[in-house]
Amino acid sequence: MKLYKYSLALMMGLCTFSSCGDKLDLTNPNQQTSSSFGETADDLEESVIAAYNHIRMEGTYARVGYNIDVCRGDEVWNSSQVWYMPFDDLNEPVTDEIGMWSWRDWYYTINVTNFILSRTGDDNAALSDRMKRIKGQALFIRGLAYYNLVNYYQTPSLITSYDAYSSLDGLYGTNATYDEVVDQIEKDFSEAMTLLPSRDAGGEWAKGRATCGAAAGYYARTLMQRHKFSEALAVLKDIINKKYGTYKLMANYGDNFREGPSYENNDESLFEVQFLDKDSQGVDDEWTPVNTSPNATQGHAIESNFCPGAYGGWADLSASPWLYNLFKAERTKTGSLDPRLYWTIGTYEADWEGFENGNVGYSQPMSANEPVVTNNLNGGLPIAKWTNLRTNLVDKVVTGLHCGINLRLMRYSDVLLRAAECENEVNGPTQQAIDWINEVRRRANLNDLKLADFSSADKLFEQIANVERPKEFGCETGRGFDLLRWGFFYSADRLQQLKEHGTFRKTLDDPKAPVSYSEVGIDPMVKSSYDSWLPGHEYLPIYQGTLNANPNLKGNSANDGIDNSSDFFSRGWKVRPVVDLSE
C-alpha cells in the first residue's frame with residue numbers, strides 16, 4: 001500500500017473552540033476540531049494514514065532517525081567526517097539539535113496514535129472488526145515509536161493518554177524509567193497481535209499495513225532487549241509456524257532492496273516503510289515535521305546519505321573494512337563471492353561480471369582500475385543498500401527525499417536468526433538453532449554449519465552476532481540496538497572488539513584493504529569510531545533545548561556521563577565473552 005497524501009489536520013486538533021451564543025452556534029464542516037473529528041471509523045481511518053505518514057519523517061525513517069542507529073553500529077563509519085559525526089563517534093553533545101529530531105518526530109507520531117486510541121476505548125470485545133484493526137494499527141505504530149525512543153534516549157517521557165494534551169501541564173512530561181517504557185511497548189505490541197489480521201488476509205494487509213505478524217516480530221524484538229529469551233523464542237516459533245501469517249525467504253536476496261510492486265511488501269517482509277516509487281513522486285522536498293504539502297515527494301534520503309559523490313550522492317556514510325573483509329573470508333559452495341556483498345557494498349568485483357546488473361553503478365560502468373570510493377577526500381566503501389546503485393533504475397542519485405525504495409524494517413531472515421539466538425540462550429547450541437541459521441545461509445549458497453563445530457553457547461553466539469547477522473543485515477538499521485542488548489559497551493574485550501571492527505583508514509588508494517586497530521595513534525589517517533565513546537553515550541543525550549523548555553524533564557546517562565554497566569549486570573544479564581571462531 002502506497003500511502004496517500006492526507007493533510008495532517010489532526011495535529012491541529014489540540015485546540016478547542018467555543019461559542020458565546022448557543023443559538024447562533026454554527027458548525028463549519030471545513031473547520032474540524034478534536035471535538036468534531038474522530039467520531040466515525042472513516043475519520044479514524046484517516047488518522048491511521050496520518051500516523052503511517054509520520055513514520056516517514058526525517059526524525060523517524062526518512063533520513064536522520066534511520067541513520068543514527070546505522071552510525072552506532074560497527075559496520076559503518078562516517079566518511080564525510082562532518083554530517084552524523086557525533087553519532088558515529090558516540091559522543092554527541094547535548095547542544096546538538098539534530099539529536100532531537102527523532103525525539104520530536106516520534107512524539108508527533110505518538111500524538112496521532114493517542115488520539116486514535118482515545119476514540120477506540122478499552123473494551124476490545126465491543127469493537128467491530130474494522131475498529132479492531134484501526135486500534136491494532138495505532139497500538140503497533142505507538143509501540144514502534146516508543147521502541148525507537150527508549151533505545152535512543154533511554155528514559156523518554158511516557159505519554160499514553162490523549163487527554164494529557166488538554167492542558168499545558170500535560171505537555172510537560174516527566175522522564176519514565178527504561179522499564180516503564182518497555183513495559184508499555186510490550187503491552188502495545190502484544191495487544192496489537194490480537195487485533196490485527198495476518199498478511200494472509202490479502203489486499204492492503206499484504207501491501208504495507210501493520211499486521212499481527214509485524215506486531216509479533218516487534219514483540220519478540222522487545223522481549224529480547226530485556227533478555228526474555230524464553231518468551232521471545234515462543235513468539236518467534238509461532239511466526240515460523242505460520243500462526244501470524246505465511247512468510248518465507250525470497251530466493252533472490254536482492255529482491256529485498258529493489259523498489260516496485262514486484263519486490264516491495266514481498267513474502268519475506270514483516271514490516272516496511274512505504275515510500276512512493278520512481279516517477280510517482282511529488283516535487284517538494286519537505287524537511288519539516290509537518291509534511292502537509294500535497295506536492296510532498298514522500299520518498300527518503302537514505303540513498304543520498306549512502307551514495308558516492310561520483311553518482312551525485314552526499315557520501316556521508318561508508319561500509320567498514322571489517323564488514324567487507326568478513327564477506328571476502330567465506331566463499332559459496334561454487335567458489336564465488338557471497339551474493340549479499342553485491343547488495344550491501346558497492347565495490348567492483350570480478351565475480352560480478354554477468355551477475356545481476358553486473359559492475360554497473362547506476363548507468364555507469366565500474367572499473368577495477370578506478371574503484372568508486374564513497375568520498376573524494378576521505379575514501380571509503382560505498383553502501384549499496386537502499387540505493388539504486390545496483391538496479392540501473394535511474395542514472396544517478398536524485399538527492400533529497402526522493403528515493404522510492406521501501407525500507408524493510410523486519411524481514412523473515414531476522415526471525416530465523418533471532419530464533420536461533422534465543423534457542424542458543426535457552427538451550428545452548430542445538431541442531432534446531434543450527435537449522436535456522438542454515439536456512440538463511442543456503443539462500444547465499446554457503447556451506448551448512450555443523451553442530452559439532454560449536455562446543456559452547458558462547459561460540460555459537462559469536463557466529464550469530466559477528467558473522468551471520470552482519471552479513472545478512474550489514475549497513476541496515478538495527479545493529480546499534482543489538483549492541484545495547486548484548487552489553488558490548490560494558491565488557492573490556494567486547495569494547496575492544498568494537499574498536500577493531502570500527503577501525504578505518506581515510507584513503508583514496510585502497511579502501512578495501514584490511515586495517516588494524518594497532519595503527520591507531522601511529523598512522524594519522526587511521527581511526528576507530530569507538531575510541532571516542534563516552535560512558536552513557538551508547539544512548540543519545542536528551543537535547544538541552546528540550547530540557548530548558550520542560551522543567552519536569554531531566555537528562556539521561558548520556559547527559560550526565562553515567563556508566564550503565566552496573567544497571568545492566570544488576571538485572572542478571574551477562575555479556576558473552578569474545579570467542580575465536582577459528583579454534
# chains A, B, ... in the order shown; residues from 1 in each chain; ligands from 1
>>> residues_around(residues="Asp531 of chain A", least_positions_apart="2", cutoff="8 Å", atoms="only C-alpha atoms", output="list of chain:residue names")
A:Asp89, A:Lys499, A:Ser528, A:Ser529, A:Trp533
>>> closest_atom_pairs(of="segment 154-258 of chain A", to="segment 93-109 of chain A", cutoff="10 Å", atoms="only C-alpha atoms", output="JSON lines")
{"residue": "A:Pro156", "atom": "CA", "partner": "A:Trp103", "partner_atom": "CA", "distance": 8.5}
{"residue": "A:Ser157", "atom": "CA", "partner": "A:Tyr107", "partner_atom": "CA", "distance": 9.4}
{"residue": "A:Leu158", "atom": "CA", "partner": "A:Tyr107", "partner_atom": "CA", "distance": 9.9}
{"residue": "A:Ile159", "atom": "CA", "partner": "A:Tyr107", "partner_atom": "CA", "distance": 9.0}
>>> closest_residue(among="A:Arg443, A:Arg469, A:Arg390, A:Arg133", to="Gly346 of chain A", atoms="only C-alpha atoms")
A:Arg390
>>> residues_around(residues="Glu472 of chain A", least_positions_apart="3", cutoff="8 Å", atoms="only C-alpha atoms", output="PyMOL selection string")
chain A and resi 340+413+468-469
>>> write_last_selection(atoms="N, CA, C and O atoms", output="short mmCIF file (atom, residue, chain, number, x, y, z; two decimals), in the first residue's frame")
data_model
loop_
_atom_site.label_atom_id
_atom_site.label_comp_id
_atom_site.auth_asym_id
_atom_site.auth_seq_id
_atom_site.Cartn_x
_atom_site.Cartn_y
_atom_site.Cartn_z
N ARG A 340 25.26 -11.55 -1.12
CA ARG A 340 24.80 -10.45 -0.27
C ARG A 340 25.78 -9.28 -0.30
O ARG A 340 25.38 -8.13 -0.05
N SER A 413 14.24 -13.35 7.56
CA SER A 413 15.59 -13.82 7.95
C SER A 413 15.94 -13.37 9.36
O SER A 413 16.65 -14.07 10.09
N GLU A 468 26.93 -14.10 11.07
CA GLU A 468 25.65 -14.26 10.37
C GLU A 468 24.85 -12.97 10.30
O GLU A 468 24.36 -12.59 9.23
N ARG A 469 24.69 -12.29 11.41
CA ARG A 469 23.89 -11.07 11.39
C ARG A 469 24.56 -9.95 10.59
O ARG A 469 23.89 -9.28 9.80
#
>>> residues_around(residues="Thr334 of chain A", least_positions_apart="6", cutoff="10 Å", atoms="only C-alpha atoms", output="list of chain:residue names")
A:Asn445, A:Leu446, A:Asn447
>>> residues_around(residues="Asn406 of chain A", least_positions_apart="6", cutoff="7 Å", atoms="only C-alpha atoms", output="ChimeraX atom specification")
/A:259,264,272-275
>>> closest_residue(among="A:Val440, A:Tyr311, A:Ser491, A:Pro382", to="Val394 of chain A", atoms="only C-alpha atoms")
A:Tyr311
>>> residues_around(residues="Ser118 of chain A", least_positions_apart="4", cutoff="8 Å", atoms="only C-alpha atoms", output="list in words")
Asn114, Ser161, Tyr162 and Asp163 of chain A
>>> write_last_selection(atoms="N, CA, C and O atoms", output="CSV table (one decimal), in the first residue's frame")
chain,number,residue,atom,x,y,z
A,114,ASN,N,-2.2,8.3,20.0
A,114,ASN,CA,-3.0,8.5,21.2
A,114,ASN,C,-4.4,9.1,20.9
A,114,ASN,O,-5.4,8.7,21.6
A,161,SER,N,-2.0,8.9,27.1
A,161,SER,CA,-3.4,9.4,27.1
A,161,SER,C,-3.5,10.7,26.3
A,161,SER,O,-2.7,11.6,26.5
A,162,TYR,N,-4.4,10.7,25.4
A,162,TYR,CA,-4.6,11.9,24.6
A,162,TYR,C,-5.1,13.1,25.5
A,162,TYR,O,-4.8,14.2,25.2
A,163,ASP,N,-5.8,12.8,26.5
A,163,ASP,CA,-6.3,13.8,27.4
A,163,ASP,C,-5.2,14.6,28.1
A,163,ASP,O,-5.4,15.7,28.5
>>> residues_around(residues="Tyr490 of chain A", least_positions_apart="4", cutoff="8 Å", atoms="only C-alpha atoms", output="ChimeraX atom specification")
/A:494-495,564-565,575
>>> write_last_selection(atoms="N, CA and C atoms", output="PDB file, in the first residue's frame")
ATOM      1  N   ARG A 494      34.765  -7.025  24.705  1.00  0.00           N
ATOM      2  CA  ARG A 494      33.793  -6.678  23.671  1.00  0.00           C
ATOM      3  C   ARG A 494      34.000  -5.248  23.169  1.00  0.00           C
ATOM      4  N   LEU A 495      34.309  -4.320  24.057  1.00  0.00           N
ATOM      5  CA  LEU A 495      34.565  -2.947  23.632  1.00  0.00           C
ATOM      6  C   LEU A 495      35.798  -2.898  22.737  1.00  0.00           C
ATOM      7  N   ASN A 564      26.413   2.819  32.565  1.00  0.00           N
ATOM      8  CA  ASN A 564      25.239   1.965  32.708  1.00  0.00           C
ATOM      9  C   ASN A 564      25.558   0.501  32.986  1.00  0.00           C
ATOM     10  N   SER A 565      26.828   0.170  33.130  1.00  0.00           N
ATOM     11  CA  SER A 565      27.189  -1.237  33.266  1.00  0.00           C
ATOM     12  C   SER A 565      26.613  -1.857  34.539  1.00  0.00           C
ATOM     13  N   VAL A 575      27.254 -10.511  29.514  1.00  0.00           N
ATOM     14  CA  VAL A 575      27.877 -10.233  28.223  1.00  0.00           C
ATOM     15  C   VAL A 575      28.693 -11.468  27.856  1.00  0.00           C
TER      16      VAL A 575
END
>>> atom_distance(atom1="atom CA of Lys459 of chain A", atom2="atom CA of Gly428 of chain A")
10.0 Å
>>> select_by_dssp(residues="segment 506-579 of chain A", states="alpha helix (DSSP H)", output="list in words")
Gln544, Gly545, Thr546, Leu547, Asn548, Ala549, Ser557, Ala558, Asn559, Asp560, Ser565, Ser566, Asp567, Phe568, Phe569 and Ser570 of chain A
>>> closest_residue(among="A:Leu409, A:Ile185, A:Val415, A:Ala513", to="Lys328 of chain A", atoms="only C-alpha atoms")
A:Ala513
>>> closest_residue(among="A:Lys471, A:His227, A:Lys132, A:Lys278", to="Leu44 of chain A", atoms="only C-alpha atoms")
A:Lys132
